[in-house]
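Student: Supplied structure: coords-v2.txt, compact mmCIF, C-alpha atoms.
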```
# COMPACT_ATOMS: atom_id res chain seq x y z
CA MET A 393 118.82 -37.69 -84.73
CA LYS A 394 116.90 -38.70 -81.59
CA LYS A 395 117.49 -36.76 -78.37
CA VAL A 396 117.57 -39.03 -75.32
CA LEU A 397 117.85 -37.64 -71.78
CA LEU A 398 119.45 -39.87 -69.13
CA MET A 399 118.69 -38.42 -65.70
CA GLY A 400 118.66 -39.35 -62.01
CA ARG A 401 120.45 -38.51 -58.79
CA SER A 402 124.25 -38.73 -58.60
CA GLY A 403 125.42 -42.30 -58.05
CA SER A 404 122.25 -43.94 -59.33
CA GLY A 405 124.18 -45.81 -62.03
CA LYS A 406 123.40 -43.81 -65.18
CA SER A 407 126.92 -43.65 -66.61
CA SER A 408 127.65 -47.27 -65.71
CA MET A 409 124.73 -48.59 -67.76
CA ARG A 410 125.55 -46.27 -70.65
CA SER A 411 129.17 -47.47 -70.65
CA ILE A 412 128.16 -51.14 -70.65
CA VAL A 413 125.61 -50.84 -73.43
CA PHE A 414 127.39 -48.40 -75.74
CA SER A 415 131.09 -48.39 -74.79
CA ASN A 416 131.81 -52.11 -74.30
CA TYR A 417 132.51 -51.93 -70.57
CA VAL A 418 131.94 -54.99 -68.42
CA ALA A 419 130.13 -54.48 -65.13
CA LYS A 420 133.18 -54.77 -62.86
CA ASP A 421 135.05 -52.09 -64.84
CA THR A 422 132.39 -49.44 -64.21
CA ARG A 423 133.70 -49.03 -60.66
CA ARG A 424 136.45 -46.80 -61.97
CA LEU A 425 134.00 -44.35 -63.59
CA GLY A 426 133.84 -40.94 -61.93
CA ALA A 427 130.78 -38.79 -61.40
CA THR A 428 129.36 -37.07 -64.48
CA ILE A 429 130.04 -33.34 -64.48
CA ASP A 430 127.16 -31.30 -65.88
CA VAL A 431 126.03 -32.91 -69.17
CA GLU A 432 128.03 -35.42 -71.20
CA HIS A 433 126.89 -35.51 -74.83
CA SER A 434 127.44 -38.55 -77.02
CA HIS A 435 126.22 -39.35 -80.50
CA VAL A 436 125.62 -43.08 -80.70
CA ARG A 437 125.15 -44.50 -84.19
CA PHE A 438 122.64 -47.32 -84.01
CA LEU A 439 121.64 -49.43 -87.00
CA GLY A 440 123.58 -47.26 -89.40
CA ASN A 441 121.08 -44.47 -90.04
CA LEU A 442 119.69 -43.96 -86.54
CA VAL A 443 121.74 -41.62 -84.34
CA LEU A 444 120.96 -41.32 -80.64
CA ASN A 445 121.87 -37.90 -79.26
CA LEU A 446 122.39 -39.11 -75.69
CA TRP A 447 122.53 -36.48 -72.92
CA ASP A 448 123.93 -38.05 -69.74
CA CYS A 449 123.01 -35.45 -67.11
CA GLY A 450 125.04 -35.29 -63.91
CA GLY A 451 122.78 -35.80 -60.91
CA GLN A 452 124.43 -33.62 -58.30
CA GLU A 453 121.99 -31.22 -56.63
CA ALA A 454 123.54 -28.07 -58.12
CA PHE A 455 123.35 -29.48 -61.65
CA MET A 456 119.73 -30.60 -61.26
CA GLU A 457 118.73 -27.13 -60.07
CA ASN A 458 120.49 -25.64 -63.08
CA TYR A 459 118.70 -28.00 -65.51
CA LEU A 460 115.33 -27.10 -64.02
CA GLN A 461 115.91 -23.35 -63.91
CA SER A 462 118.39 -21.52 -66.13
CA GLN A 463 118.79 -24.38 -68.67
CA ARG A 464 115.21 -25.68 -68.54
CA ASP A 465 114.25 -25.08 -72.17
CA HIS A 466 117.67 -26.10 -73.50
CA ILE A 467 117.71 -29.41 -71.63
CA PHE A 468 114.09 -30.48 -72.04
CA ARG A 469 113.26 -29.25 -75.56
CA ASN A 470 112.89 -31.73 -78.47
CA VAL A 471 113.31 -34.82 -76.27
CA GLU A 472 112.24 -38.15 -77.77
CA VAL A 473 112.88 -40.25 -74.65
CA LEU A 474 113.44 -39.42 -70.99
CA ILE A 475 115.18 -42.20 -69.04
CA TYR A 476 115.04 -41.52 -65.31
CA VAL A 477 117.17 -43.82 -63.15
CA PHE A 478 116.27 -44.48 -59.51
CA ASP A 479 118.68 -46.09 -57.07
CA VAL A 480 116.48 -48.68 -55.37
CA GLU A 481 118.45 -48.24 -52.12
CA SER A 482 118.33 -44.44 -52.06
CA ARG A 483 117.81 -43.05 -48.57
CA GLU A 484 116.24 -39.91 -50.01
CA PHE A 485 113.38 -41.43 -51.98
CA ASP A 486 110.93 -38.59 -51.24
CA HIS A 487 113.47 -36.02 -52.46
CA ASP A 488 114.12 -38.17 -55.55
CA MET A 489 110.40 -38.19 -56.29
CA HIS A 490 110.19 -34.41 -55.94
CA THR A 491 113.05 -33.92 -58.42
CA TYR A 492 111.49 -36.47 -60.78
CA ALA A 493 108.15 -34.65 -60.67
CA SER A 494 109.91 -31.37 -61.49
CA CYS A 495 111.56 -33.00 -64.51
CA LEU A 496 108.19 -34.29 -65.68
CA GLU A 497 106.76 -30.78 -65.52
CA ALA A 498 109.61 -29.57 -67.70
CA ILE A 499 109.09 -32.44 -70.14
CA ARG A 500 105.35 -31.81 -70.33
CA ALA A 501 106.02 -28.14 -71.17
CA ASN A 502 108.82 -28.66 -73.69
CA SER A 503 108.44 -32.19 -75.12
CA PRO A 504 104.87 -33.35 -74.45
CA ASN A 505 105.19 -36.37 -76.76
CA ALA A 506 108.37 -37.73 -75.17
CA ARG A 507 108.31 -41.34 -74.00
CA ILE A 508 109.25 -41.84 -70.35
CA PHE A 509 111.12 -44.82 -68.93
CA CYS A 510 111.76 -45.19 -65.20
CA LEU A 511 114.56 -47.64 -64.41
CA ILE A 512 114.45 -48.97 -60.86
CA HIS A 513 118.14 -49.72 -60.72
CA LYS A 514 120.62 -51.76 -58.64
CA MET A 515 118.03 -54.45 -58.02
CA ASP A 516 120.87 -56.91 -57.40
CA LEU A 517 121.24 -55.24 -53.97
CA VAL A 518 117.71 -56.33 -52.98
CA GLN A 519 117.21 -59.81 -51.56
CA GLU A 520 115.96 -62.03 -54.36
CA GLU A 521 112.74 -63.02 -52.60
CA MET A 522 111.90 -59.33 -52.05
CA ARG A 523 112.62 -58.01 -55.54
CA ASP A 524 109.12 -58.36 -57.01
CA LYS A 525 107.55 -56.73 -53.97
CA VAL A 526 110.01 -53.81 -53.94
CA TYR A 527 109.64 -53.32 -57.69
CA MET A 528 105.84 -53.22 -57.50
CA GLU A 529 105.90 -50.75 -54.59
CA ARG A 530 108.28 -48.39 -56.39
CA SER A 531 106.32 -48.69 -59.63
CA ARG A 532 103.10 -47.69 -57.85
CA HIS A 533 104.82 -44.67 -56.28
CA LEU A 534 106.19 -43.60 -59.65
CA ALA A 535 102.81 -43.96 -61.38
CA HIS A 536 101.21 -41.89 -58.61
CA HIS A 537 103.78 -39.10 -59.03
CA SER A 538 103.82 -39.11 -62.85
CA GLN A 539 101.08 -36.50 -63.29
CA GLY A 540 98.94 -38.72 -65.48
CA LEU A 541 101.73 -39.28 -67.99
CA ASN A 542 102.24 -42.74 -69.43
CA ILE A 543 105.45 -44.21 -68.04
CA THR A 544 107.22 -47.55 -68.40
CA CYS A 545 108.93 -48.94 -65.28
CA ILE A 546 111.67 -51.56 -65.59
CA ALA A 547 113.75 -53.21 -62.87
CA THR A 548 117.43 -53.23 -63.81
CA SER A 549 120.92 -54.24 -62.73
CA ILE A 550 124.26 -53.99 -64.52
CA TRP A 551 125.02 -57.54 -63.39
CA ASP A 552 122.39 -59.41 -65.42
CA GLU A 553 120.25 -59.33 -68.56
CA THR A 554 117.73 -56.82 -67.16
CA LEU A 555 119.98 -53.99 -68.40
CA TYR A 556 119.65 -55.27 -71.96
CA LYS A 557 115.92 -55.80 -71.51
CA ALA A 558 115.50 -52.15 -70.52
CA TRP A 559 117.64 -50.62 -73.26
CA SER A 560 116.19 -52.91 -75.93
CA SER A 561 112.72 -51.70 -74.92
CA ILE A 562 113.88 -48.09 -75.07
CA VAL A 563 115.59 -48.34 -78.44
CA TYR A 564 112.62 -50.27 -79.88
CA THR A 565 110.48 -47.13 -79.54
CA LEU A 566 112.98 -45.11 -81.60
CA ILE A 567 113.46 -47.42 -84.59
CA PRO A 568 111.53 -46.55 -87.76
CA ASN A 569 109.95 -49.30 -89.87
CA ILE A 570 109.53 -51.71 -86.95
CA PRO A 571 106.24 -53.13 -88.36
CA VAL A 572 107.97 -53.82 -91.69
CA LEU A 573 110.85 -55.58 -89.94
CA GLU A 574 108.48 -57.69 -87.87
CA ARG A 575 106.51 -58.79 -90.93
CA HIS A 576 109.79 -59.68 -92.66
CA LEU A 577 110.89 -61.84 -89.71
CA GLU A 578 107.48 -63.51 -89.46
CA THR A 579 107.61 -64.43 -93.15
CA PHE A 580 111.15 -65.72 -92.78
CA ALA A 581 110.25 -67.82 -89.73
CA GLU A 582 107.29 -69.34 -91.58
CA ASN A 583 109.27 -70.12 -94.73
CA ALA A 584 112.27 -71.53 -92.83
CA GLY A 585 110.22 -73.54 -90.34
CA ALA A 586 111.91 -71.68 -87.49
CA GLU A 587 110.47 -71.58 -83.99
CA GLU A 588 111.99 -68.18 -83.29
CA VAL A 589 113.88 -65.52 -85.22
CA VAL A 590 115.53 -62.62 -83.41
CA LEU A 591 117.24 -59.53 -84.84
CA PHE A 592 120.08 -57.93 -82.83
CA GLU A 593 121.95 -54.66 -83.38
CA ARG A 594 125.52 -55.48 -84.40
CA THR A 595 127.56 -53.38 -81.94
CA THR A 596 125.47 -53.30 -78.78
CA PHE A 597 123.72 -56.64 -79.44
CA LEU A 598 120.50 -55.14 -78.15
CA VAL A 599 117.35 -56.91 -79.33
CA ILE A 600 115.67 -55.00 -82.15
CA THR A 601 112.65 -57.24 -82.65
CA HIS A 602 111.71 -60.90 -83.02
CA ALA A 603 109.19 -63.33 -84.44
CA THR A 604 107.94 -66.39 -82.53
CA ARG A 605 105.79 -69.12 -84.04
CA GLY A 606 103.27 -70.96 -81.93
CA THR A 607 101.01 -69.79 -79.13
CA THR A 608 102.53 -71.52 -76.10
CA PRO A 609 104.29 -68.96 -73.86
CA HIS A 610 108.00 -69.61 -73.42
CA PRO A 611 109.01 -70.32 -69.80
CA ASP A 612 111.80 -67.70 -69.98
CA PRO A 613 110.50 -64.31 -71.17
CA GLN A 614 113.99 -62.76 -70.92
CA ARG A 615 115.79 -65.39 -73.01
CA PHE A 616 116.70 -62.96 -75.80
CA GLU A 617 118.26 -60.47 -73.40
CA LYS A 618 120.25 -63.27 -71.77
CA ILE A 619 121.61 -64.09 -75.21
CA SER A 620 122.47 -60.40 -75.71
CA ASN A 621 124.45 -60.41 -72.48
CA ILE A 622 126.26 -63.68 -73.22
CA VAL A 623 127.16 -62.85 -76.82
CA LYS A 624 128.27 -59.30 -75.93
CA LEU A 625 130.66 -60.70 -73.29
CA PHE A 626 131.90 -63.34 -75.74
CA LYS A 627 132.54 -60.67 -78.40
CA LEU A 628 134.55 -58.66 -75.87
CA SER A 629 136.60 -61.76 -75.04
CA CYS A 630 137.26 -62.32 -78.74
CA SER A 631 138.45 -58.74 -79.20
CA LYS A 632 140.90 -59.08 -76.30
CA MET A 633 142.45 -62.01 -78.16
CA GLN A 634 142.52 -59.97 -81.38
CA ALA A 635 139.85 -62.21 -82.89
CA SER A 636 136.46 -61.27 -84.29
CA PHE A 637 133.06 -62.83 -83.75
CA THR A 638 131.37 -63.81 -87.02
CA SER A 639 128.87 -66.59 -86.37
CA PHE A 640 127.78 -69.23 -83.89
CA GLU A 641 125.98 -72.54 -84.16
CA MET A 642 124.65 -74.69 -81.32
CA ARG A 643 122.94 -78.04 -81.56
CA GLY A 644 120.88 -79.59 -78.80
CA GLN A 645 118.74 -82.67 -78.48
CA ASN A 646 115.57 -80.85 -79.53
CA PHE A 647 116.77 -77.76 -81.37
CA SER A 648 119.50 -76.03 -83.34
CA ALA A 649 120.38 -72.35 -83.02
CA PHE A 650 122.29 -70.20 -85.49
CA ILE A 651 123.65 -66.66 -85.01
CA THR A 652 125.19 -64.91 -87.98
CA GLN A 653 125.47 -61.45 -89.48
CA TYR A 654 122.33 -60.48 -91.39
CA THR A 655 122.87 -56.93 -92.61
CA PRO A 656 125.90 -54.65 -92.11
CA ASP A 657 124.28 -53.42 -88.88
CA THR A 658 122.51 -56.52 -87.54
CA TYR A 659 122.90 -60.13 -86.48
CA ILE A 660 120.14 -62.70 -86.70
CA LEU A 661 119.36 -65.64 -84.42
CA VAL A 662 117.39 -68.53 -85.91
CA VAL A 663 116.10 -71.34 -83.68
CA ILE A 664 114.97 -74.53 -85.42
CA GLY A 665 113.02 -77.13 -83.47
CA GLN A 666 113.26 -80.89 -83.80
CA SER A 667 112.36 -81.94 -87.32
CA SER A 668 111.58 -85.16 -89.04
CA THR A 669 115.18 -85.38 -90.23
CA GLY A 670 116.47 -84.93 -86.68
CA SER A 671 117.59 -81.72 -85.10
CA GLY A 672 121.18 -80.77 -85.69
CA CYS A 673 121.85 -82.90 -88.76
CA PRO A 674 124.23 -81.46 -91.37
CA GLN A 675 121.42 -81.10 -93.94
CA GLU A 676 119.41 -78.98 -91.53
CA SER A 677 122.37 -76.69 -90.86
CA ALA A 678 123.01 -76.21 -94.56
CA THR A 679 119.32 -75.58 -95.28
CA THR A 680 119.05 -73.00 -92.50
CA LEU A 681 122.13 -71.13 -93.68
CA VAL A 682 120.76 -71.10 -97.25
CA ASN A 683 117.43 -69.77 -95.95
CA ILE A 684 119.22 -67.00 -94.07
CA GLU A 685 121.16 -66.00 -97.19
CA MET A 686 117.99 -65.98 -99.33
CA ALA A 687 116.14 -63.88 -96.74
CA ARG A 688 119.12 -61.51 -96.58
CA GLN A 689 118.99 -61.01 -100.35
CA ARG A 690 115.21 -60.47 -100.36
CA PHE A 691 115.54 -57.95 -97.56
CA ALA A 692 118.26 -56.06 -99.45
CA LEU A 693 116.15 -56.02 -102.62
CA SER A 694 113.13 -54.71 -100.73
CA GLY A 695 114.98 -51.44 -100.10
CA THR A 696 113.80 -51.37 -96.48
CA SER A 697 116.15 -49.47 -94.18
CA ILE A 698 116.63 -50.39 -90.54
```
Please re-express this file's structure in structure tokens.

Tutor:
Amino acid sequence: MKKVLLMGRSGSGKSSMRSIVFSNYVAKDTRRLGATIDVEHSHVRFLGNLVLNLWDCGGQEAFMENYLQSQRDHIFRNVEVLIYVFDVESREFDHDMHTYASCLEAIRANSPNARIFCLIHKMDLVQEEMRDKVYMERSRHLAHHSQGLNITCIATSIWDETLYKAWSSIVYTLIPNIPVLERHLETFAENAGAEEVVLFERTTFLVITHATRGTTPHPDPQRFEKISNIVKLFKLSCSKMQASFTSFEMRGQNFSAFITQYTPDTYILVVIGQSSTGSGCPQESATTLVNIEMARQRFALSGTSI
């Protein structure tokens, strides 16, 4: 079980992002969520064997003082990941930084090996042409106040794929056997002639890991997270109609893409580029599906757990 602390001032958006990622909320429905009172504990089963012990800590001033004083050891002991959420439009940024620094002191004392993620949240409220500048400024401030600790800053919003980018990055650090999974996907991509292979967690549809062939950078570095967002919303639409999502196939002029269940806890995306037989032909679809089934059987026989 992995202890994950979710912290930040009241109203910063902590519970909204948790509800979207783990409780199948859509962004507009988070408006009805109330403020978190004290600490809300939830055990989130992820990939079958991995359980996230998520502590959503209310950010009201009285609660924060309590965490840092009378409950300091209880809150900050045995933490694997600290996620600190900053409202990009907060009018009390200096006070936020002071509270953040106090939390880092508690983490350093009680969980010195914890990974730290700072989410600069509600970026949709910043004018688009200013977002990179604001993000860089806040990131520099956070690095300066992080007491030499290694932190990861990510700009986020509940209204786009950045939320999935952030939580995929967080969960990636908690998954055992990631190198084994990546080698497995690389082998599969090579054998199947796939341009890209991506593994998603079944329930949240967060990206677990991927393999990309070729050395040319893709023009859209957040393409996988966009797929997470789209498929998650489509799955929710299916459930409202009492239907279930099982698989998806799309054919374009220069590629074919297949999404199907891979293991009981994962889905796989396979992207095949234009081939000599022509992208999207029936033979290619059948071959790809056979390759997925063969890879699934090899993976099961390997005894590797996700």

Student: Taking (130.5, -63.3, -89.4) in the file's coordinates as the center, which residues reach within 7 Å of it, counting all atoms listed in the file, put as a PyMOL selection string?

Tutor: chain A and resi 637-639+652-653

Student: Between A:Glu593, A:Glu520, A:Val396, A:Arg410, which residue has the minimum interatomic distance to Arg507 (chain A), considering only C-alpha atoms?

Tutor: A:Val396

Student: Please return, as a ChimeraX atom specification, all polymer residues that have at least one atom within 12 Å of the point (126.7, -45.2, -62.7); use only C-alpha atoms and the file's own coordinate frame.

Tutor: /A:398-412,417,419-428,448-451,477-479,513-514,549-550

Student: Could you work out an axis-aligned box for region 521-526 of chain A, taking every atom the file lists and adding 3 Å on each side, and report centre and edge lengths in Å to one decimal, as lines of an AutoDock Vina configuration file?

Tutor:
```
center_x = 110.1
center_y = -58.4
center_z = -54.5
size_x = 11.2
size_y = 15.2
size_z = 11.0
```

Student: For CA of Pro568 (chain A) and CA of Cys495 (chain A), quote the distance in Å rounded to one decimal.

Tutor: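 So the two atoms, CA of Pro568 (chain A) and CA of Cys495 (chain A), lie 26.9 Å apart.
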
Student: Compare A:Glu587, A:Phe592, A:Tyr492, A:Val623 by their minimum atom-to-atom distance to Gly606 (chain A), counting all atoms listed in the file, and give me the closest one.

Tutor: A:Glu587
